[in-house]
Amino acid sequence: MKAEFNKELIKKYDRPGPRYTSYPPATEFTQEVNSKHYIKKLIESNQRKTPLSLYFHIPFCEQRCLYCGCNVIISHRKGIEVPYLERVYREMELVSQYLDKDRKVVQLHWGGGTPNYLEPEQIKVFFEEIVKRFPIDENAEISIELDPRYLTDEQIKTIKEVGFNRVSLGIQDLNPKVQRAVNRIQPYELIKEKIEKLRETGFESINVDLIYGLPYQTKESFEETVEKVIELNPDRIATYSFAYIPDVKPHQQLLPKESLPSAEEKLRILEMIIDKFQSAGYVYIGMDHFAKPHDELAVAQRKGELWRNFQGYTTKKGVELLGFGATSIGMLYDSYFQNFKTLREYNNAVDKGEIPIFRGYILSEDDFIRREVIMDIMCNLGVDFKKIENMFEIDFKDYFERELEELKEMEEDGLIKIEEDKIRILPVGRLLIRNVAMVFDAHLRKKRELKFSRTI
Ligand code: SF4
């Protein structure tokens with residue numbers, strides 16, 4: 001089922017809301033949940049014997065891209081990563097002592113920042129430190145984010161040798177004027193050369209990231225980028241909408257504001273993106289993600305088994321995610337935990353021998369039910385009432401009476417179809433799944449009601 005672009009409906013439903021990489025979203029995390037809760041939950045998790053997913057955050061970059069919304073440390077001066085890596089090893093030690101040794105890692109991801117900020121030898125040692133503490137499944141999905149500008153042949157060789165089998169490259173936009181404006185110069189030829197090298201080296205899956213809404217972009221200019229990306233033939237493509245928040249990210253003030261595309265132009269770009277990638281044979285997964293029809297993400301979505309975590313869409317529902325490094329977030333069965341965001345606080349905690357948890361969240365029974373419904377909407381394009389009733393022993397129509405009433409407007413607008421025993425997302429609703437999910441978000445509802453009661 002292809003996604004259909006309907007400008008009027010996108011405008012009608014355009015409102016801020018979570019991307020639901022978790023439910024409840026990270027904005028609900030609280031500092032009342034700390035490392036003591038984490039230890040308790042880690043120990044409990046052994047009874048479930050669930051496989052593990054590990055996320056490692058490498059927050060360093062050589063240069064700042066002016067659109068960047070991440071928490072990063074910019075430094076040409078190599079060496080600052082050395083004490084950080086030592087602390088990440090120490091953090092692994094602190095966490096792994098509570099886990100049964102036979103729990104296999106089925107998914108492992110290095111994100112950033114720029115993981116290829118590390119030298120080949122550092123990559124090797126880092127990986128050895130992980131393997132020392134966590135057994136990796138032979139079919140594990142092992143992925144890394146790469147910055148093509150600094151990627152060397154030696155690094156490509158090393159990441160392959162240590163075991164990575166998936167890579168993700170930040171392309172953003174191939175237009176030289178846009179690249180200059182955002183301070184990220186990487187010619188098409190360079191990216192092509194790196195992708196060819198990665199393929200030659202045997203990488204099975206290549207993901208690329210694009211961003212729309214950057215300065216000087218027009219539908220026509222970005223169309224050239226999209227066409228060149230299709231020629232590069234990646235397996236997955238993520239096209240993020242640029243969030244201009246100069247008050248929160250002061251470096252964005254250096255972007256030429258007057259050359260940012262208008263909201264109307266951004267919609268033209270989005271329409272073109274949806275059309276071009278779908279016409280080229282990519283499946284629209286949701287939330288700006290595309291994948292080839294044989295890719296695991298598309299297969300899992302067809303089977304109704306897709307899920308979301310802090311890295312986006314994943315085929316590994318039911319694993320427990322442990323986050324390592326500053327800012328990283330973990331997701332256990334019934335709880336979320338986030339590490340300190342600044343290096344100073346992260347370092348302090350680890351140096352004191354504490355697991356560096358800054359905040360977290362423990363799910364209620366209601367959160368569990370709503371998380372399942374929201375994830376089914378976001379990932380599997382519909383909700384099967386019987387499935388939810390069997391999982392949680394509720395009567396779906398009774399439990400969600402208010403939500404089903406509220407959804408009627410979306411049904412009238414053609415976004416969804418409410419049937420006797422299910423809700424289906426229709427082609428027009430595929431670009432608005434977040435809005436459908438938001439109807440089931442009890443935390444959002446509470447905030448809205450609070451705001452409403454304050455204003456009247
Ligand atoms: S390389 Fe990535 S993380 Fe680093 S500054 Fe650029 S966008 Fe941000």
# chains A, B, ... in the order shown; residues from 1 in each chain; ligands from 1
>>> residues_near_ligand(ligand="ligand 1", cutoff="9 Å", atoms="only C-alpha atoms and all ligand atoms", output="PyMOL selection string")
chain A and resi 59-74+111-114+146-147+170+172+183-184
>>> write_last_selection(atoms="C-alpha atoms", output="PDB file, in the first residue's frame")
ATOM      1  CA  PRO A  59      29.725  12.160  20.856  1.00  0.00           C
ATOM      2  CA  PHE A  60      32.770  13.579  19.011  1.00  0.00           C
ATOM      3  CA  CYS A  61      32.859  15.316  15.622  1.00  0.00           C
ATOM      4  CA  GLU A  62      35.638  16.992  13.640  1.00  0.00           C
ATOM      5  CA  GLN A  63      33.492  19.900  12.532  1.00  0.00           C
ATOM      6  CA  ARG A  64      30.045  21.268  13.324  1.00  0.00           C
ATOM      7  CA  CYS A  65      27.305  20.955  10.730  1.00  0.00           C
ATOM      8  CA  LEU A  66      25.161  24.020  11.253  1.00  0.00           C
ATOM      9  CA  TYR A  67      21.855  22.149  11.134  1.00  0.00           C
ATOM     10  CA  CYS A  68      22.942  19.646  13.801  1.00  0.00           C
ATOM     11  CA  GLY A  69      20.489  19.019  16.627  1.00  0.00           C
ATOM     12  CA  CYS A  70      22.642  16.501  18.522  1.00  0.00           C
ATOM     13  CA  ASN A  71      24.661  16.917  21.674  1.00  0.00           C
ATOM     14  CA  VAL A  72      28.215  16.803  20.285  1.00  0.00           C
ATOM     15  CA  ILE A  73      31.749  17.782  21.141  1.00  0.00           C
ATOM     16  CA  ILE A  74      33.656  19.352  18.285  1.00  0.00           C
ATOM     17  CA  GLY A 111      25.908   6.210  16.901  1.00  0.00           C
ATOM     18  CA  GLY A 112      26.986   9.750  17.410  1.00  0.00           C
ATOM     19  CA  GLY A 113      28.418  12.228  16.907  1.00  0.00           C
ATOM     20  CA  THR A 114      30.766  10.457  14.550  1.00  0.00           C
ATOM     21  CA  LEU A 146      29.663   6.983   9.354  1.00  0.00           C
ATOM     22  CA  ASP A 147      30.661  10.439   8.219  1.00  0.00           C
ATOM     23  CA  GLY A 170      24.904  11.028   6.435  1.00  0.00           C
ATOM     24  CA  GLN A 172      21.815  15.262   3.825  1.00  0.00           C
ATOM     25  CA  ASN A 183      29.143  23.738   6.641  1.00  0.00           C
ATOM     26  CA  ARG A 184      29.210  20.165   5.440  1.00  0.00           C
TER      27      ARG A 184
END
>>> select_by_dssp(residues="segment 51-148 of chain A", states="alpha helix (DSSP H)", output="ChimeraX atom specification")
/A:81-96,120-133
>>> write_last_selection(atoms="C-alpha atoms", output="PDB file, in the first residue's frame")
ATOM      1  CA  GLU A  81      38.108  10.509  23.067  1.00  0.00           C
ATOM      2  CA  VAL A  82      40.654   8.373  24.974  1.00  0.00           C
ATOM      3  CA  PRO A  83      39.410   9.063  28.547  1.00  0.00           C
ATOM      4  CA  TYR A  84      35.822   8.874  27.321  1.00  0.00           C
ATOM      5  CA  LEU A  85      36.310   5.400  25.882  1.00  0.00           C
ATOM      6  CA  GLU A  86      37.889   4.266  29.150  1.00  0.00           C
ATOM      7  CA  ARG A  87      34.740   5.390  30.957  1.00  0.00           C
ATOM      8  CA  VAL A  88      32.466   3.634  28.501  1.00  0.00           C
ATOM      9  CA  TYR A  89      34.418   0.393  29.206  1.00  0.00           C
ATOM     10  CA  ARG A  90      34.000   1.043  32.913  1.00  0.00           C
ATOM     11  CA  GLU A  91      30.265   1.656  32.418  1.00  0.00           C
ATOM     12  CA  MET A  92      29.971  -1.671  30.571  1.00  0.00           C
ATOM     13  CA  GLU A  93      31.681  -3.317  33.542  1.00  0.00           C
ATOM     14  CA  LEU A  94      29.278  -1.660  36.003  1.00  0.00           C
ATOM     15  CA  VAL A  95      26.207  -2.752  34.020  1.00  0.00           C
ATOM     16  CA  SER A  96      27.252  -6.218  32.843  1.00  0.00           C
ATOM     17  CA  PRO A 120      41.102   1.868  13.403  1.00  0.00           C
ATOM     18  CA  GLU A 121      43.059   0.644  16.426  1.00  0.00           C
ATOM     19  CA  GLN A 122      40.567   2.305  18.800  1.00  0.00           C
ATOM     20  CA  ILE A 123      37.669   0.694  16.927  1.00  0.00           C
ATOM     21  CA  LYS A 124      39.318  -2.712  17.376  1.00  0.00           C
ATOM     22  CA  VAL A 125      39.979  -2.270  21.086  1.00  0.00           C
ATOM     23  CA  PHE A 126      36.491  -0.833  21.702  1.00  0.00           C
ATOM     24  CA  PHE A 127      34.895  -3.814  19.995  1.00  0.00           C
ATOM     25  CA  GLU A 128      37.066  -6.251  21.966  1.00  0.00           C
ATOM     26  CA  GLU A 129      35.962  -4.562  25.184  1.00  0.00           C
ATOM     27  CA  ILE A 130      32.325  -5.143  24.204  1.00  0.00           C
ATOM     28  CA  VAL A 131      32.869  -8.786  23.238  1.00  0.00           C
ATOM     29  CA  LYS A 132      34.685  -9.418  26.538  1.00  0.00           C
ATOM     30  CA  ARG A 133      31.513  -8.582  28.444  1.00  0.00           C
TER      31      ARG A 133
END
>>> closest_atom_pairs(of="segment 329-413 of chain A", to="segment 306-319 of chain A", cutoff="7 Å", atoms="only C-alpha atoms", output="Markdown table")
| residue | atom | partner | partner_atom | distance |
| --- | --- | --- | --- | --- |
| A:Met375 | CA | A:Trp307 | CA | 6.2 |
| A:Cys379 | CA | A:Leu306 | CA | 5.4 |
| A:Asn380 | CA | A:Leu306 | CA | 6.2 |
>>> write_last_selection(atoms="C-alpha atoms", output="mmCIF file, in the first residue's frame")
data_model
loop_
_atom_site.group_PDB
_atom_site.id
_atom_site.type_symbol
_atom_site.label_atom_id
_atom_site.label_comp_id
_atom_site.auth_asym_id
_atom_site.auth_seq_id
_atom_site.Cartn_x
_atom_site.Cartn_y
_atom_site.Cartn_z
ATOM 1 C CA MET A 375 3.559 1.140 18.128
ATOM 2 C CA CYS A 379 4.910 0.544 12.624
ATOM 3 C CA ASN A 380 2.290 -1.868 11.399
#
>>> closest_residue(among="A:Ser35, A:Asn390, A:Asn165, A:Thr218", to="Phe203 of chain A", atoms="only C-alpha atoms")
A:Asn165
>>> atom_distance(atom1="atom CA of Arg434 of chain A", atom2="atom CA of Ser335 of chain A")
22.1 Å
>>> atom_distance(atom1="atom CA of Ser143 of chain A", atom2="atom CA of Leu118 of chain A")
15.1 Å
>>> residues_around(residues="Ala298 of chain A", least_positions_apart="6", cutoff="9 Å", atoms="only C-alpha atoms", output="ChimeraX atom specification")
/A:283-285,290-292,306
>>> closest_residue(among="A:Arg15, A:Ser53, A:Lys249, A:Glu420", to="Met331 of chain A", atoms="only C-alpha atoms")
A:Ser53
>>> decode(residues="segment 188-226 of chain A", atoms="N, CA and C atoms", output="PDB file, in the first residue's frame")
ATOM      1  N   TYR A 188      29.448  14.677  -4.342  1.00  0.00           N
ATOM      2  CA  TYR A 188      28.795  13.423  -4.730  1.00  0.00           C
ATOM      3  C   TYR A 188      29.835  12.336  -5.035  1.00  0.00           C
ATOM      4  N   GLU A 189      30.905  12.720  -5.741  1.00  0.00           N
ATOM      5  CA  GLU A 189      31.931  11.741  -6.147  1.00  0.00           C
ATOM      6  C   GLU A 189      32.544  11.063  -4.915  1.00  0.00           C
ATOM      7  N   LEU A 190      32.744  11.857  -3.867  1.00  0.00           N
ATOM      8  CA  LEU A 190      33.334  11.309  -2.639  1.00  0.00           C
ATOM      9  C   LEU A 190      32.383  10.273  -2.018  1.00  0.00           C
ATOM     10  N   ILE A 191      31.109  10.621  -1.963  1.00  0.00           N
ATOM     11  CA  ILE A 191      30.133   9.703  -1.344  1.00  0.00           C
ATOM     12  C   ILE A 191      30.017   8.427  -2.172  1.00  0.00           C
ATOM     13  N   LYS A 192      30.004   8.609  -3.502  1.00  0.00           N
ATOM     14  CA  LYS A 192      29.904   7.448  -4.405  1.00  0.00           C
ATOM     15  C   LYS A 192      31.096   6.516  -4.185  1.00  0.00           C
ATOM     16  N   GLU A 193      32.265   7.132  -4.099  1.00  0.00           N
ATOM     17  CA  GLU A 193      33.501   6.342  -3.915  1.00  0.00           C
ATOM     18  C   GLU A 193      33.445   5.557  -2.586  1.00  0.00           C
ATOM     19  N   LYS A 194      32.967   6.223  -1.534  1.00  0.00           N
ATOM     20  CA  LYS A 194      32.907   5.550  -0.214  1.00  0.00           C
ATOM     21  C   LYS A 194      31.891   4.408  -0.243  1.00  0.00           C
ATOM     22  N   ILE A 195      30.750   4.656  -0.902  1.00  0.00           N
ATOM     23  CA  ILE A 195      29.723   3.597  -0.948  1.00  0.00           C
ATOM     24  C   ILE A 195      30.248   2.407  -1.763  1.00  0.00           C
ATOM     25  N   GLU A 196      30.954   2.695  -2.869  1.00  0.00           N
ATOM     26  CA  GLU A 196      31.519   1.595  -3.674  1.00  0.00           C
ATOM     27  C   GLU A 196      32.511   0.791  -2.845  1.00  0.00           C
ATOM     28  N   LYS A 197      33.325   1.506  -2.103  1.00  0.00           N
ATOM     29  CA  LYS A 197      34.338   0.834  -1.264  1.00  0.00           C
ATOM     30  C   LYS A 197      33.653  -0.043  -0.200  1.00  0.00           C
ATOM     31  N   LEU A 198      32.600   0.498   0.397  1.00  0.00           N
ATOM     32  CA  LEU A 198      31.878  -0.265   1.429  1.00  0.00           C
ATOM     33  C   LEU A 198      31.273  -1.532   0.820  1.00  0.00           C
ATOM     34  N   ARG A 199      30.717  -1.387  -0.382  1.00  0.00           N
ATOM     35  CA  ARG A 199      30.110  -2.567  -1.035  1.00  0.00           C
ATOM     36  C   ARG A 199      31.189  -3.595  -1.382  1.00  0.00           C
ATOM     37  N   GLU A 200      32.290  -3.105  -1.952  1.00  0.00           N
ATOM     38  CA  GLU A 200      33.416  -4.010  -2.294  1.00  0.00           C
ATOM     39  C   GLU A 200      33.880  -4.775  -1.059  1.00  0.00           C
ATOM     40  N   THR A 201      33.863  -4.093   0.081  1.00  0.00           N
ATOM     41  CA  THR A 201      34.344  -4.707   1.316  1.00  0.00           C
ATOM     42  C   THR A 201      33.339  -5.714   1.871  1.00  0.00           C
ATOM     43  N   GLY A 202      32.115  -5.698   1.320  1.00  0.00           N
ATOM     44  CA  GLY A 202      31.154  -6.742   1.689  1.00  0.00           C
ATOM     45  C   GLY A 202      30.041  -6.308   2.614  1.00  0.00           C
ATOM     46  N   PHE A 203      29.782  -5.013   2.717  1.00  0.00           N
ATOM     47  CA  PHE A 203      28.671  -4.600   3.593  1.00  0.00           C
ATOM     48  C   PHE A 203      27.335  -4.931   2.928  1.00  0.00           C
ATOM     49  N   GLU A 204      26.483  -5.631   3.703  1.00  0.00           N
ATOM     50  CA  GLU A 204      25.218  -6.144   3.167  1.00  0.00           C
ATOM     51  C   GLU A 204      24.157  -5.062   3.067  1.00  0.00           C
ATOM     52  N   SER A 205      24.222  -4.123   3.986  1.00  0.00           N
ATOM     53  CA  SER A 205      23.126  -3.173   4.028  1.00  0.00           C
ATOM     54  C   SER A 205      23.647  -1.753   4.214  1.00  0.00           C
ATOM     55  N   ILE A 206      23.225  -0.872   3.319  1.00  0.00           N
ATOM     56  CA  ILE A 206      23.678   0.527   3.400  1.00  0.00           C
ATOM     57  C   ILE A 206      22.460   1.434   3.545  1.00  0.00           C
ATOM     58  N   ASN A 207      22.529   2.266   4.582  1.00  0.00           N
ATOM     59  CA  ASN A 207      21.458   3.216   4.851  1.00  0.00           C
ATOM     60  C   ASN A 207      22.006   4.621   4.599  1.00  0.00           C
ATOM     61  N   VAL A 208      21.189   5.506   4.045  1.00  0.00           N
ATOM     62  CA  VAL A 208      21.635   6.898   3.943  1.00  0.00           C
ATOM     63  C   VAL A 208      20.594   7.830   4.558  1.00  0.00           C
ATOM     64  N   ASP A 209      21.091   8.939   5.110  1.00  0.00           N
ATOM     65  CA  ASP A 209      20.205   9.949   5.699  1.00  0.00           C
ATOM     66  C   ASP A 209      20.201  11.200   4.826  1.00  0.00           C
ATOM     67  N   LEU A 210      19.029  11.755   4.636  1.00  0.00           N
ATOM     68  CA  LEU A 210      18.885  13.031   3.933  1.00  0.00           C
ATOM     69  C   LEU A 210      18.135  13.990   4.855  1.00  0.00           C
ATOM     70  N   ILE A 211      18.289  15.283   4.581  1.00  0.00           N
ATOM     71  CA  ILE A 211      17.519  16.262   5.361  1.00  0.00           C
ATOM     72  C   ILE A 211      16.864  17.246   4.393  1.00  0.00           C
ATOM     73  N   TYR A 212      15.567  17.486   4.573  1.00  0.00           N
ATOM     74  CA  TYR A 212      14.924  18.523   3.753  1.00  0.00           C
ATOM     75  C   TYR A 212      14.479  19.667   4.652  1.00  0.00           C
ATOM     76  N   GLY A 213      14.506  20.864   4.029  1.00  0.00           N
ATOM     77  CA  GLY A 213      14.176  22.064   4.812  1.00  0.00           C
ATOM     78  C   GLY A 213      15.428  22.891   5.098  1.00  0.00           C
ATOM     79  N   LEU A 214      16.568  22.530   4.468  1.00  0.00           N
ATOM     80  CA  LEU A 214      17.832  23.256   4.691  1.00  0.00           C
ATOM     81  C   LEU A 214      17.885  24.514   3.812  1.00  0.00           C
ATOM     82  N   PRO A 215      18.773  25.465   4.133  1.00  0.00           N
ATOM     83  CA  PRO A 215      18.856  26.696   3.342  1.00  0.00           C
ATOM     84  C   PRO A 215      19.098  26.416   1.855  1.00  0.00           C
ATOM     85  N   TYR A 216      18.514  27.236   1.020  1.00  0.00           N
ATOM     86  CA  TYR A 216      18.646  27.214  -0.440  1.00  0.00           C
ATOM     87  C   TYR A 216      18.026  25.992  -1.111  1.00  0.00           C
ATOM     88  N   GLN A 217      17.407  25.111  -0.324  1.00  0.00           N
ATOM     89  CA  GLN A 217      16.781  23.959  -0.980  1.00  0.00           C
ATOM     90  C   GLN A 217      15.482  24.394  -1.664  1.00  0.00           C
ATOM     91  N   THR A 218      15.283  23.855  -2.858  1.00  0.00           N
ATOM     92  CA  THR A 218      13.990  23.995  -3.530  1.00  0.00           C
ATOM     93  C   THR A 218      13.588  22.591  -3.952  1.00  0.00           C
ATOM     94  N   LYS A 219      12.363  22.460  -4.379  1.00  0.00           N
ATOM     95  CA  LYS A 219      11.920  21.137  -4.832  1.00  0.00           C
ATOM     96  C   LYS A 219      12.847  20.670  -5.966  1.00  0.00           C
ATOM     97  N   GLU A 220      13.145  21.607  -6.891  1.00  0.00           N
ATOM     98  CA  GLU A 220      13.944  21.244  -8.061  1.00  0.00           C
ATOM     99  C   GLU A 220      15.366  20.858  -7.657  1.00  0.00           C
ATOM    100  N   SER A 221      15.970  21.635  -6.745  1.00  0.00           N
ATOM    101  CA  SER A 221      17.358  21.324  -6.372  1.00  0.00           C
ATOM    102  C   SER A 221      17.424  20.005  -5.608  1.00  0.00           C
ATOM    103  N   PHE A 222      16.447  19.787  -4.722  1.00  0.00           N
ATOM    104  CA  PHE A 222      16.510  18.562  -3.918  1.00  0.00           C
ATOM    105  C   PHE A 222      16.160  17.327  -4.757  1.00  0.00           C
ATOM    106  N   GLU A 223      15.413  17.565  -5.839  1.00  0.00           N
ATOM    107  CA  GLU A 223      15.081  16.458  -6.743  1.00  0.00           C
ATOM    108  C   GLU A 223      16.363  15.857  -7.326  1.00  0.00           C
ATOM    109  N   GLU A 224      17.331  16.731  -7.622  1.00  0.00           N
ATOM    110  CA  GLU A 224      18.615  16.234  -8.163  1.00  0.00           C
ATOM    111  C   GLU A 224      19.305  15.352  -7.134  1.00  0.00           C
ATOM    112  N   THR A 225      19.267  15.779  -5.860  1.00  0.00           N
ATOM    113  CA  THR A 225      19.861  14.959  -4.793  1.00  0.00           C
ATOM    114  C   THR A 225      19.166  13.599  -4.726  1.00  0.00           C
ATOM    115  N   VAL A 226      17.841  13.637  -4.733  1.00  0.00           N
ATOM    116  CA  VAL A 226      17.071  12.390  -4.625  1.00  0.00           C
ATOM    117  C   VAL A 226      17.409  11.457  -5.800  1.00  0.00           C
TER     118      VAL A 226
END
